[in-house]
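As provided, input04.cif (mmCIF, C-alpha atoms and all ligand atoms) reads as follows.
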```
data_run
loop_
_atom_site.label_atom_id
_atom_site.label_comp_id
_atom_site.auth_asym_id
_atom_site.auth_seq_id
_atom_site.Cartn_x
_atom_site.Cartn_y
_atom_site.Cartn_z
CA MET L 661 11.61 29.60 -2.05
CA ALA L 662 12.01 32.26 0.60
CA SER L 663 12.13 35.28 -1.65
CA ARG L 664 9.75 34.07 -4.33
CA ARG L 665 6.07 34.84 -4.24
CA ILE L 666 3.99 31.68 -3.90
CA ARG L 667 1.14 31.35 -6.36
CA VAL L 668 -1.35 28.69 -5.28
CA VAL L 669 -3.14 27.02 -8.16
CA GLY L 670 -6.08 24.87 -7.12
CA VAL L 671 -7.13 22.25 -9.66
CA ALA L 672 -10.82 21.35 -9.36
CA SER L 673 -10.53 18.07 -11.21
CA GLY L 674 -11.32 14.51 -10.20
CA TYR L 675 -11.73 13.41 -13.81
CA GLY L 676 -8.71 11.15 -13.54
CA ALA L 677 -9.86 9.48 -10.32
CA GLY L 678 -13.14 7.95 -11.42
CA ILE L 679 -14.88 9.70 -8.50
CA PRO L 680 -15.20 13.47 -8.45
CA GLU L 681 -14.76 14.14 -4.72
CA CYS L 682 -11.17 15.36 -4.73
CA GLN L 683 -12.13 18.16 -7.12
CA ASP L 684 -13.25 20.11 -4.03
CA GLY L 685 -9.99 19.64 -2.12
CA SER L 686 -8.28 22.91 -2.92
CA GLU L 687 -11.36 25.03 -2.34
CA VAL L 688 -11.91 23.47 1.09
CA LEU L 689 -8.32 24.32 2.06
CA ARG L 690 -8.81 27.85 0.82
CA ALA L 691 -12.24 28.45 2.34
CA LEU L 692 -11.18 27.11 5.74
CA HIS L 693 -7.95 29.16 5.66
CA PHE L 694 -5.63 26.19 6.14
CA LEU L 695 -2.72 27.83 4.34
CA ASP L 696 -3.26 31.42 5.50
CA ASP L 697 -0.29 31.59 7.85
CA LEU L 698 2.01 30.80 4.92
CA ALA L 699 1.17 34.23 3.55
CA GLY L 700 3.80 35.53 5.92
CA ALA L 701 6.52 34.08 3.68
CA ASP L 702 8.95 36.66 2.33
CA GLY L 703 7.40 36.94 -1.09
CA GLY L 704 3.84 36.43 0.14
CA LEU L 705 1.26 33.94 -1.02
CA ALA L 706 -1.62 34.45 -3.42
CA TRP L 707 -4.39 32.08 -4.47
CA ASP L 708 -5.35 31.98 -8.12
CA GLU L 709 -8.90 31.37 -9.14
CA ALA L 710 -9.16 27.56 -9.13
CA LEU L 711 -8.91 25.84 -12.49
CA ARG L 712 -12.07 24.03 -13.52
CA LEU L 713 -13.62 22.96 -16.81
CA ALA L 714 -16.51 25.00 -18.09
CA PRO L 715 -19.52 22.85 -18.99
CA PRO L 716 -20.21 20.84 -20.99
CA VAL L 717 -17.50 18.60 -19.54
CA PRO L 718 -16.52 15.83 -21.97
CA ASP L 719 -17.64 12.30 -21.05
CA ASP L 720 -14.22 10.98 -21.99
CA ALA L 721 -11.93 11.28 -18.95
CA VAL L 722 -8.77 11.48 -21.08
CA GLU L 723 -10.20 14.46 -22.95
CA ALA L 724 -11.26 16.14 -19.68
CA VAL L 725 -7.79 15.57 -18.19
CA ARG L 726 -6.20 16.93 -21.37
CA ARG L 727 -8.20 20.15 -21.21
CA ILE L 728 -7.35 20.75 -17.55
CA ALA L 729 -3.70 19.93 -18.26
CA LEU L 730 -3.51 22.48 -21.07
CA ALA L 731 -4.87 25.24 -18.84
CA LEU L 732 -2.70 24.23 -15.89
CA ALA L 733 0.47 24.04 -17.99
CA GLU L 734 -0.16 27.56 -19.20
CA ARG L 735 -0.72 28.82 -15.66
CA VAL L 736 2.41 27.15 -14.27
CA ALA L 737 4.58 28.41 -17.12
CA ALA L 738 3.24 31.96 -16.63
CA HIS L 739 3.96 31.96 -12.89
CA ARG L 740 7.44 30.65 -13.49
CA ALA L 741 8.04 33.30 -16.18
CA ALA L 742 7.01 35.95 -13.65
CA GLY L 743 9.60 34.63 -11.19
CA ASP L 744 6.95 33.21 -8.85
CA PHE L 745 6.81 29.77 -7.22
CA PRO L 746 3.84 27.62 -8.29
CA LEU L 747 2.18 25.59 -5.53
CA VAL L 748 -0.32 23.30 -7.25
CA ILE L 749 -3.07 21.77 -5.11
CA GLY L 750 -5.11 18.94 -6.70
CA GLY L 751 -7.40 17.50 -7.67
CA ASP L 752 -6.41 14.00 -8.58
CA HIS L 753 -2.85 13.19 -9.60
CA SER L 754 -3.55 13.41 -13.34
CA CYS L 755 -3.02 17.17 -12.93
CA ALA L 756 0.71 16.39 -12.77
CA ILE L 757 0.63 16.12 -16.56
CA GLY L 758 -0.24 19.81 -16.72
CA THR L 759 2.00 21.00 -13.90
CA TRP L 760 5.20 19.45 -15.16
CA SER L 761 4.49 20.00 -18.85
CA GLY L 762 4.15 23.69 -18.04
CA MET L 763 7.33 23.71 -15.99
CA ARG L 764 9.27 21.88 -18.68
CA ARG L 765 7.99 24.40 -21.24
CA SER L 766 9.24 27.27 -19.12
CA LEU L 767 12.82 26.00 -19.16
CA GLU L 768 15.23 26.91 -21.92
CA ALA L 769 15.29 24.44 -24.80
CA GLY L 770 17.49 21.47 -24.05
CA ARG L 771 17.46 22.01 -20.28
CA ARG L 772 16.25 19.06 -18.23
CA LEU L 773 13.67 18.97 -15.46
CA GLY L 774 14.03 16.76 -12.39
CA LEU L 775 11.11 15.39 -10.38
CA VAL L 776 10.70 13.67 -7.01
CA TRP L 777 7.42 11.72 -7.00
CA VAL L 778 6.23 10.83 -3.49
CA ASP L 779 3.41 8.29 -3.73
CA ALA L 780 2.13 4.93 -2.46
CA HIS L 781 1.66 3.99 -6.13
CA MET L 782 3.72 4.20 -9.30
CA ASP L 783 1.16 6.06 -11.46
CA SER L 784 2.94 4.56 -14.44
CA HIS L 785 0.19 2.73 -16.26
CA THR L 786 -0.70 3.18 -19.89
CA LEU L 787 -4.28 2.85 -21.17
CA GLU L 788 -3.41 -0.70 -22.22
CA SER L 789 -1.98 -1.85 -18.89
CA SER L 790 -4.38 -0.13 -16.48
CA PRO L 791 -7.06 -2.36 -14.94
CA SER L 792 -9.18 0.64 -13.88
CA HIS L 793 -8.48 2.95 -16.84
CA ASN L 794 -8.36 5.81 -14.36
CA VAL L 795 -6.00 8.47 -15.67
CA HIS L 796 -4.60 9.27 -12.21
CA GLY L 797 -2.79 5.92 -12.47
CA MET L 798 -0.96 7.13 -15.59
CA PRO L 799 0.55 10.61 -15.19
CA LEU L 800 4.14 9.59 -14.54
CA ALA L 801 4.18 7.29 -17.58
CA CYS L 802 2.76 10.17 -19.65
CA LEU L 803 5.44 12.58 -18.44
CA LEU L 804 8.06 9.99 -19.39
CA GLY L 805 6.55 9.90 -22.90
CA HIS L 806 4.43 6.72 -22.61
CA GLY L 807 0.66 6.80 -22.90
CA ASP L 808 -2.27 8.26 -24.78
CA PRO L 809 -0.96 10.66 -27.46
CA ARG L 810 -3.55 13.24 -26.41
CA LEU L 811 -1.68 13.50 -23.10
CA THR L 812 1.92 12.85 -24.14
CA GLY L 813 1.47 15.27 -27.05
CA ILE L 814 0.92 18.30 -24.82
CA ASP L 815 3.51 20.96 -25.60
CA PRO L 816 6.43 20.27 -25.51
CA ALA L 817 5.39 17.03 -27.28
CA GLY L 818 6.93 13.77 -26.10
CA ALA L 819 8.77 13.05 -22.87
CA LYS L 820 8.93 15.94 -20.43
CA LEU L 821 11.29 14.06 -18.15
CA LEU L 822 14.25 11.76 -18.68
CA PRO L 823 14.18 8.57 -16.58
CA ALA L 824 17.50 9.47 -14.97
CA ASP L 825 15.99 12.70 -13.64
CA VAL L 826 13.04 11.07 -11.83
CA CYS L 827 12.82 9.35 -8.42
CA LEU L 828 9.80 7.75 -6.75
CA ILE L 829 9.61 7.54 -2.97
CA GLY L 830 7.25 5.57 -0.72
CA VAL L 831 5.89 3.06 -3.26
CA ARG L 832 4.10 0.03 -1.79
CA SER L 833 1.18 -0.73 -4.12
CA PHE L 834 1.63 -1.32 -7.84
CA GLU L 835 0.94 -3.61 -10.79
CA ALA L 836 3.55 -5.65 -12.63
CA ALA L 837 3.18 -3.76 -15.93
CA GLU L 838 4.02 -0.37 -14.47
CA ALA L 839 6.92 -1.77 -12.45
CA ALA L 840 8.23 -3.33 -15.67
CA LEU L 841 7.98 0.00 -17.51
CA LEU L 842 9.90 1.89 -14.83
CA ARG L 843 12.49 -0.88 -14.60
CA GLU L 844 13.00 -0.87 -18.38
CA LEU L 845 13.39 2.89 -18.38
CA GLY L 846 15.77 2.80 -15.43
CA VAL L 847 13.76 5.05 -13.13
CA ARG L 848 14.95 4.92 -9.51
CA VAL L 849 12.17 3.70 -7.21
CA TYR L 850 12.63 3.93 -3.45
CA PHE L 851 10.11 1.37 -2.26
CA MET L 852 8.71 1.69 1.22
CA ASP L 853 10.88 -1.14 2.54
CA GLU L 854 14.03 0.72 1.45
CA VAL L 855 12.68 3.88 3.10
CA ARG L 856 12.17 1.93 6.33
CA ARG L 857 15.60 0.30 6.12
CA ARG L 858 17.60 3.46 5.39
CA GLY L 859 15.35 6.14 6.84
CA LEU L 860 13.54 8.84 4.90
CA PRO L 861 16.13 11.59 5.45
CA GLU L 862 18.86 9.58 3.73
CA VAL L 863 16.62 8.40 0.90
CA PHE L 864 15.10 11.82 0.33
CA GLY L 865 18.49 13.51 0.36
CA GLU L 866 19.80 11.03 -2.18
CA ALA L 867 16.75 11.56 -4.40
CA LEU L 868 17.20 15.34 -4.31
CA GLN L 869 20.80 14.93 -5.42
CA ARG L 870 19.77 12.69 -8.31
CA VAL L 871 17.05 14.97 -9.65
CA ALA L 872 19.22 18.08 -9.32
CA ARG L 873 22.39 16.57 -10.78
CA ASP L 874 22.02 17.20 -14.51
CA THR L 875 18.93 19.38 -14.59
CA ALA L 876 18.00 23.06 -14.66
CA GLY L 877 16.00 22.45 -11.49
CA TYR L 878 13.48 20.05 -10.05
CA GLY L 879 9.95 19.75 -8.75
CA ILE L 880 8.32 17.72 -6.00
CA SER L 881 4.96 16.00 -6.54
CA ILE L 882 3.30 14.62 -3.43
CA ASP L 883 0.37 12.25 -3.57
CA LEU L 884 -1.12 12.38 -0.09
CA ASP L 885 -1.65 8.61 -0.17
CA ALA L 886 2.10 8.34 0.46
CA LEU L 887 1.16 9.18 4.06
CA ASP L 888 -0.03 6.45 6.34
CA PRO L 889 -3.86 6.40 6.37
CA ALA L 890 -3.79 7.07 10.12
CA GLU L 891 -2.28 10.48 9.38
CA GLY L 892 -3.76 11.13 5.95
CA PRO L 893 -7.17 9.44 5.71
CA GLY L 894 -8.55 12.06 3.29
CA VAL L 895 -7.39 10.45 0.05
CA GLY L 896 -8.98 8.38 -2.71
CA THR L 897 -6.88 5.23 -2.42
CA PRO L 898 -5.33 4.79 1.04
CA VAL L 899 -2.63 2.13 1.49
CA GLY L 900 -1.33 1.04 4.90
CA GLY L 901 2.29 1.19 5.95
CA GLY L 902 2.97 4.72 4.77
CA LEU L 903 4.99 7.74 5.80
CA ALA L 904 4.38 9.73 8.95
CA ARG L 905 3.44 13.34 8.36
CA ALA L 906 6.21 14.71 10.58
CA GLU L 907 8.70 12.44 8.83
CA LEU L 908 7.76 13.73 5.38
CA ALA L 909 7.62 17.34 6.54
CA ALA L 910 11.14 17.01 7.97
CA ALA L 911 12.42 15.49 4.72
CA LEU L 912 10.90 18.28 2.64
CA ALA L 913 12.77 20.79 4.75
CA LEU L 914 15.93 19.44 3.11
CA ALA L 915 14.87 21.35 -0.01
CA ASP L 916 13.89 24.53 1.84
CA GLY L 917 15.66 27.55 0.42
CA ASP L 918 17.01 25.60 -2.57
CA GLU L 919 16.68 27.86 -5.60
CA ARG L 920 16.70 24.78 -7.83
CA LEU L 921 13.31 23.75 -6.43
CA LEU L 922 10.94 25.05 -9.12
CA ALA L 923 7.47 24.03 -7.92
CA LEU L 924 5.57 21.90 -5.42
CA GLU L 925 2.46 19.88 -6.14
CA ILE L 926 0.21 18.23 -3.53
CA VAL L 927 -2.63 16.09 -4.82
CA GLU L 928 -5.49 13.67 -4.10
CA TYR L 929 -6.93 15.52 -1.11
CA ASN L 930 -10.46 14.21 -0.62
CA PRO L 931 -12.09 16.42 2.01
CA TYR L 932 -15.13 14.12 2.30
CA ARG L 933 -12.95 11.31 3.61
CA ASP L 934 -10.89 13.46 5.92
CA GLU L 935 -11.32 12.94 9.65
CA GLY L 936 -11.15 16.02 11.83
CA PHE L 937 -9.17 17.75 9.05
CA VAL L 938 -6.07 15.76 9.96
CA THR L 939 -5.16 15.50 6.26
CA ALA L 940 -5.71 19.22 5.70
CA ARG L 941 -3.33 19.91 8.58
CA ALA L 942 -0.81 17.55 7.02
CA ILE L 943 -0.98 19.57 3.79
CA HIS L 944 -0.31 22.71 5.79
CA ASP L 945 2.69 21.14 7.52
CA LEU L 946 4.17 19.89 4.26
CA CYS L 947 3.88 23.33 2.65
CA ARG L 948 5.27 25.01 5.72
CA SER L 949 8.41 22.87 5.55
CA LEU L 950 9.28 24.53 2.27
CA ILE L 951 8.16 28.02 3.10
CA GLU L 952 10.15 30.06 5.57
CA ILE L 953 7.93 32.22 7.67
MN MN P 1 -0.43 9.32 -7.38
#
```

Could you rewrite the structure in this file as structure tokens?
Ligand SMILES: [Mn+2]
Amino acid sequence: MASRRIRVVGVASGYGAGIPECQDGSEVLRALHFLDDLAGADGGLAWDEALRLAPPVPDDAVEAVRRIALALAERVAAHRAAGDFPLVIGGDHSCAIGTWSGMRRSLEAGRRLGLVWVDAHMDSHTLESSPSHNVHGMPLACLLGHGDPRLTGIDPAGAKLLPADVCLIGVRSFEAAEAALLRELGVRVYFMDEVRRRGLPEVFGEALQRVARDTAGYGISIDLDALDPAEGPGVGTPVGGGLARAELAAALALADGDERLLALEIVEYNPYRDEGFVTARAIHDLCRSLIEI
């Protein structure tokens, strides 16, 4: 993204997580200047005013997530239309519904969008299958066209992504129903044991090829719980046996300078659970991998 201006969109939403803490993640990064040195990128870096719902916030989490998603989709599509590179900082992972709906909308009709989803989980529940009913366990299913119509119906209505254009990386905690959905759809999942067997560079490179193959471009969505809790403790749902921060940063560099990379999303930063800002520094390193300075 060397020549594109980076527009950072903070999403002050934890409505999909069941606990609100990660809604403050992007503002902590901004206030403590964690991404400031990225402003030296060719096109520069500019923070938008963070997206947040004006009160009264609906009690229904799906409705709250829908409203944030509508605003975020509009913002992402506008930045893309201006030739800028959206960097979305969550907030919980339900914001992905807005990010990638907006990006899909910004593409010409009939063009496909690819997506690499880096996560300890599958995030592919529907309201029926989810034990927790937390919407941050559902965004990938929604983007594939499965889930509550209030979320799947966001413009452009229906699936924003084709299964062949999506890859998950780093998965190690999931329920049978969401695994069954992804298997039925034919989505490629690189579980953590495959990552360990083949190495992240090979797996990540293969995933990039898949999502770029038949699409107008692709995005990368990173749930920080993909990192091992030792290196990324500041998340809502840590799972052991994850990726090292240097390992993921090095893999992301494979996409550096690729004009087909359309946006980056980093989510689930919970500053109240961070320890010595190690997770905030990981976010910085991940962004820096994709931003030439
Ligand atoms: Mn997630």

Task: Surrounding residues as a PyMOL selection string, ligand MN 1 (chain P), max 6 Å, only C-alpha atoms and all ligand atoms - done: chain L and resi 753+779+781+783+883

Rows by chain and residue number, stretch 789-816 of chain L within 7 Å of stretch 720-733 of chain L, shortest pair, all atoms listed in the file, as JSON lines:
```
{"residue": "L:Val795", "atom": "CA", "partner": "L:Val722", "partner_atom": "CA", "distance": 6.8}
{"residue": "L:Arg810", "atom": "CA", "partner": "L:Arg726", "partner_atom": "CA", "distance": 6.8}
{"residue": "L:Leu811", "atom": "CA", "partner": "L:Arg726", "partner_atom": "CA", "distance": 5.9}
```

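Residue nearest L:Gly894 within the list L:Asp684, L:Glu709, L:Glu919, L:Asp853: L:Asp684 [criterion: smallest interatomic distance, only C-alpha atoms].
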
Task: Long-range neighbours of L:Asp815 as a list in words, 8 Å cut-off, only C-alpha atoms, 2 positions minimum in chain - done: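 Non-adjacent residues within range: Ser761, Arg765, Gly813, Ala817 and Gly818 of chain L.
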
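When all atoms listed in the file are used to measure the gap to L:Ala701, the shortest distance among L:Leu924, L:Pro716, L:Gly917, L:Ser833 belongs to L:Gly917.
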
Per-residue nearest contacts stretch 841-946 of chain L to stretch 664-676 of chain L, cut-off 12 Å, using all atoms listed in the file, as a tab-separated table:
```
residue	atom	partner	partner_atom	distance
L:Val895	CA	L:Gly674	CA	11.7
L:Gly896	CA	L:Gly674	CA	10.0
L:Gly917	CA	L:Arg664	CA	10.0
L:Asp918	CA	L:Arg664	CA	11.3
L:Glu919	CA	L:Arg664	CA	9.4
L:Leu921	CA	L:Arg664	CA	11.1
L:Leu922	CA	L:Arg664	CA	10.3
L:Ala923	CA	L:Ile666	CA	9.3
L:Leu924	CA	L:Val668	CA	9.7
L:Glu925	CA	L:Val669	CA	9.3
L:Ile926	CA	L:Gly670	CA	9.8
L:Val927	CA	L:Val671	CA	9.0
L:Glu928	CA	L:Gly674	CA	8.5
L:Tyr929	CA	L:Gly674	CA	10.1
L:Asn930	CA	L:Gly674	CA	9.6
```

TODO: Show me as a ChimeraX atom specification the residues that reach within 6 Å of (4.1, 30.1, -13.4), counting only C-alpha atoms and using the file's own coordinates.
DONE: /L:735-741,746

Open item on the list: For a test of reading the model, state the distance in Å between atom CA of L:Gly700 and atom CA of L:Ser663, rounded to one decimal.
Closed with: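 Atom CA of L:Gly700 sits 11.3 Å away from atom CA of L:Ser663.
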
Open item on the list: Report, in Å to a single decimal, how far apart atom CA of L:Glu862 and atom CA of L:Leu912 are.
Closed with: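 Value for the atom CA of L:Leu912-atom CA of L:Glu862 distance: 11.8 Å.
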
Open item on the list: Need to verify the contact set: L:Ala872, 10 Å, all atoms listed in the file, exclusion of same-chain residues closer than 3 positions in sequence. Can you return it as a list in words?
Closed with: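 So, after excluding close chain neighbours, the residues are Arg772, Leu773, Gly774, Leu775, Val776, Asp825, Val826, Ala867, Leu868, Gln869, Thr875, Ala876, Gly877, Tyr878, Gly879, Arg920 and Leu921 of chain L.
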
Residues within 6 Å of L:Gly830, please, as a PDB file with C-alpha atoms, in the coordinates of the input. Count all atoms listed in the file; anything in the same chain fewer than 5 positions from it doesn't count.
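File produced: around-v6.pdb:
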```pdb
ATOM      1  CA  ASP L 779       3.410   8.290  -3.730  1.00  0.00           C
ATOM      2  CA  ALA L 780       2.130   4.930  -2.460  1.00  0.00           C
ATOM      3  CA  PHE L 851      10.110   1.370  -2.260  1.00  0.00           C
ATOM      4  CA  MET L 852       8.710   1.690   1.220  1.00  0.00           C
ATOM      5  CA  ALA L 886       2.100   8.340   0.460  1.00  0.00           C
TER       6      ALA L 886
END
```

- [ ] Give me, please, the distance in Å between atom CA of L:Gly751 and atom CA of L:Leu698, quoted to one decimal.
- [x]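 Straight-line distance from atom CA of L:Gly751 to atom CA of L:Leu698 works out to 20.6 Å.
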
Would you compute the box with edges along x, y and z of the file around stretch 857-868 of chain L, including every atom the file lists for it and 3 Å extra on each side, and give its centre and edge lengths in Å to one decimal, as AutoDock Vina command-line options?
```
--center_x 16.7 --center_y 7.8 --center_z 1.2 --size_x 12.3 --size_y 21.0 --size_z 17.2
```

Open item on the list: Please list as an MDAnalysis selection string every residue within 7 Å of L:Leu950, counting all atoms listed in the file and excluding residues in the same chain fewer than 5 positions away.
Closed with: chainID L and resid 912:913 915:916

Selection near L:Pro799, 9 Å with all atoms listed in the file, sequence-local residues under 2 positions removed, as a compact mmCIF listing (two decimals) with C-alpha atoms, in the coordinates of the input:
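To be explicit, this is the file written out as out_22.txt:
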```txt
# COMPACT_ATOMS: atom_id res chain seq x y z
CA HIS L 753 -2.85 13.19 -9.60
CA SER L 754 -3.55 13.41 -13.34
CA CYS L 755 -3.02 17.17 -12.93
CA ALA L 756 0.71 16.39 -12.77
CA ILE L 757 0.63 16.12 -16.56
CA ASP L 783 1.16 6.06 -11.46
CA SER L 784 2.94 4.56 -14.44
CA HIS L 785 0.19 2.73 -16.26
CA THR L 786 -0.70 3.18 -19.89
CA VAL L 795 -6.00 8.47 -15.67
CA HIS L 796 -4.60 9.27 -12.21
CA GLY L 797 -2.79 5.92 -12.47
CA ALA L 801 4.18 7.29 -17.58
CA CYS L 802 2.76 10.17 -19.65
CA LEU L 803 5.44 12.58 -18.44
CA LEU L 804 8.06 9.99 -19.39
CA GLY L 807 0.66 6.80 -22.90
CA LEU L 811 -1.68 13.50 -23.10
```

Open item on the list: Measuring between all atoms listed in the file, which one of L:Ala942, L:Leu828, L:Ala839, L:Leu787 shows the shortest distance to L:Asp808?
Closed with: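 Closest candidate: L:Leu787.
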